[in-house]
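Heads up, the thing below is written out as structure tokens.
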Amino acid sequence: MSVETLEIIFNVTVYVFVFLFGVTIGSFLNVCILRLPKGESLTASNSHCMTCGAEIKRYDLIPILSWLILRGKCRSCGAKISPRYMVVESLTGIMFVLCYTFFPVAQYQMYFVLLCLFISGLIVLAFQDYDNQEMCVSVLIYTFIIAVLTHVLSYIKPNGGNALVIMPEGLKDCLIGAVSVSGVLLIVGFVLTPLAYILFLSQDHKDLRRLERALKAETNERKRGQLTVKIEKTKAKIKETGPVFGFGMGDVVVMAVGGLMLGWKAAVTAGITAIILGAAYAVYKAAVGSDDDEENAHRFAFGPFLIIGLVIGAFFGNDIVEAYLTYMML
């Protein structure tokens with residue numbers, strides 16, 4: 001065999017190994033997605049059918065392949081097994097392959113490994129947020145630790161050689177990334193959105209302001225007493241409803257951590273991508289209707305769109321921003 005042929009065989013073997021390792025990690029991510037929101041242990045109990053409770057045998061736990069062999073059904077009771085298990089496993093494998101393609105070990109040292117671990121955390125957060133509109137604090141902390149560790153290792157140079165991690169973005173760009181989009185989400189979600197809701201959208205707040213104006217203008221003691229009772233009831237209703245925020249705190253944290261890990265170009269790409277995808281999904285949801293009650297009809301998890309944007313930004317953020325800046329300078 002020629003050297004070129006051997007090189008091709010080696011590269012294909014490496015890519016296959018990386019993909020298989022990724023789908024194996026994806027199988028574990030499925031466990032994290034399901035158990036962490038319930039507070040269940042990741043190791044205390046074996047995998048089991050969600051319908052009949054039968055323990056799943058080890059030969060039925062082969063990522064992707066087992067689902068295909070069983071045709072998406074439980075071997076014990078025949079209940080359908082969600083194809084999402086296979087989707088998460090396949091997605092993780094594909095992400096690992098992309099990480100290896102864009103950040104080869106020979107050039108970036110351990111960054112490939114750390115980015116795989118980081119994106120694994122993002123996958124868990126995306127599906128948890130989609131399912132429950134909540135992100136587990138433990139997984140957010142995990143992604144933060146990976147981001148910090150990546151920067152720490154980028155300053156360690158054994159024997160004076162290359163750093164253990166060669167970062168595609170410098171520390172300054174990453175610190176800017178940590179506050180750029182997350183800061184905007186924090187202001188819009190926790191300041192401007194509640195303010196706009198109180199001033200323009202909430203009927204209860206409008207009623208409260210109307211009643212308070214009427215109380216100031218009223219001189220009859222009996223009517224003043226009636227207005228006071230109505231004001232107290234309206235305030236109690238507002239308190240029971242609670243504040244309205246544009247984003248969850250998990251969205252802010254995931255963008256801060258994503259910017260810290262990937263840099264400001266990836267963060268900006270993520271923000272723009274999330275706005276486009278989120279708007280498209282909102283239009284779709286409004287068009288097809290929803291079975292949710294009126295209060296939740298227009299609510300949906302924004303985190304998955306932010307995370308999709310971060311993944312796109314991790315691989316293409318630099319090219320996208322550079323292309324945009326070049327276009328603007330023409």
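Ligands are numbered from 1 in the order shown, residues from 1 within each chain, and chains are lettered A, B, ... in the order they appear in the structure tokens.
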Considering only C-alpha atoms, tabulate each residue of stretch 9-51 of chain A that lies at most 6 Å from stretch 88-107 of chain A along with its nearest interatomic pair and the corresponding distance in Å to one decimal; arrange the rows by chain and ascending residue number and present them as JSON lines.
```
{"residue": "A:Phe19", "atom": "CA", "partner": "A:Gly93", "partner_atom": "CA", "distance": 4.4}
{"residue": "A:Gly22", "atom": "CA", "partner": "A:Gly93", "partner_atom": "CA", "distance": 3.8}
{"residue": "A:Val23", "atom": "CA", "partner": "A:Glu89", "partner_atom": "CA", "distance": 4.4}
{"residue": "A:Gly26", "atom": "CA", "partner": "A:Glu89", "partner_atom": "CA", "distance": 4.1}
{"residue": "A:Ser27", "atom": "CA", "partner": "A:Glu89", "partner_atom": "CA", "distance": 5.6}
```
- Which residues, written as number ranges by chain, have at least one atom at most 12 Å from A:Lys73, with only C-alpha atoms counted and residues fewer than 5 positions away on the same chain left out? A: 49-52, 56, 60, 66-68, 78-83, 85
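One distance worth recording is that between atom CA of A:Glu240 and atom CA of A:Lys285, which is 27.6 Å.
Distance annotation: of A:Tyr327, A:Ile141, A:Val191, A:Tyr284, the residue with the minimal separation from A:Gly250 is A:Ile141; atom set is only C-alpha atoms.
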The distance between atom CA of A:Gly259 and atom CA of A:Leu42 is 28.6 Å
Give me the residues near A:Ser138 as a short mmCIF file (atom, residue, chain, number, x, y, z; two decimals) with N, CA, C and O atoms, in the first residue's frame, where near means some atom within 9 Å (using only C-alpha atoms) and where sequence neighbours in that chain fewer than 4 positions away do not count.
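What follows is the written file part-v3.cif:
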```cif
data_model
loop_
_atom_site.label_atom_id
_atom_site.label_comp_id
_atom_site.auth_asym_id
_atom_site.auth_seq_id
_atom_site.Cartn_x
_atom_site.Cartn_y
_atom_site.Cartn_z
N LEU A 36 -31.47 13.83 35.94
CA LEU A 36 -31.04 14.99 36.72
C LEU A 36 -32.21 15.92 37.12
O LEU A 36 -32.27 16.37 38.26
N TYR A 142 -21.02 22.52 35.76
CA TYR A 142 -20.09 21.66 35.01
C TYR A 142 -19.53 22.38 33.79
O TYR A 142 -18.32 22.36 33.55
N THR A 143 -20.39 23.04 33.01
CA THR A 143 -19.90 23.74 31.82
C THR A 143 -18.98 24.90 32.21
O THR A 143 -17.99 25.18 31.52
#
```
**Message:** as number ranges by chain, please: the residues near stretch 126-132 of chain A (cut-off 9 Å, only C-alpha atoms, same-chain neighbours under 2 positions excluded).
**Reply:** A: 33-34, 36-37, 121-124, 134-136, 250, 300-308
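In this model, the gap between atom CA of A:Tyr59 and atom CA of A:Val12 comes to 26.5 Å.
In this comparison, which uses only C-alpha atoms, the residue of A:Ile198, A:Ala282, A:Leu277, A:Val268 approaching A:Glu322 most closely is A:Val268.
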- Can you list, as number ranges by chain, every residue of stretch 3-239 of chain A that DSSP puts in helix (DSSP H, G or I)? A: 3-38, 58-60, 65-69, 84-102, 105-108, 111-132, 137-153, 158-160, 171-201, 203-217, 221-239
request  = Fewer than 5 positions away in the same chain doesn't count, so skip those; otherwise give me all residues within 10 Å of A:Leu149, counting only C-alpha atoms, as a ChimeraX atom specification.
outcome  = /A:114,143-144,154,165,261
Between A:Cys74, A:Leu211, A:Val179, A:Val288, smallest distance to A:Lys57 by only C-alpha atoms belongs to A:Cys74
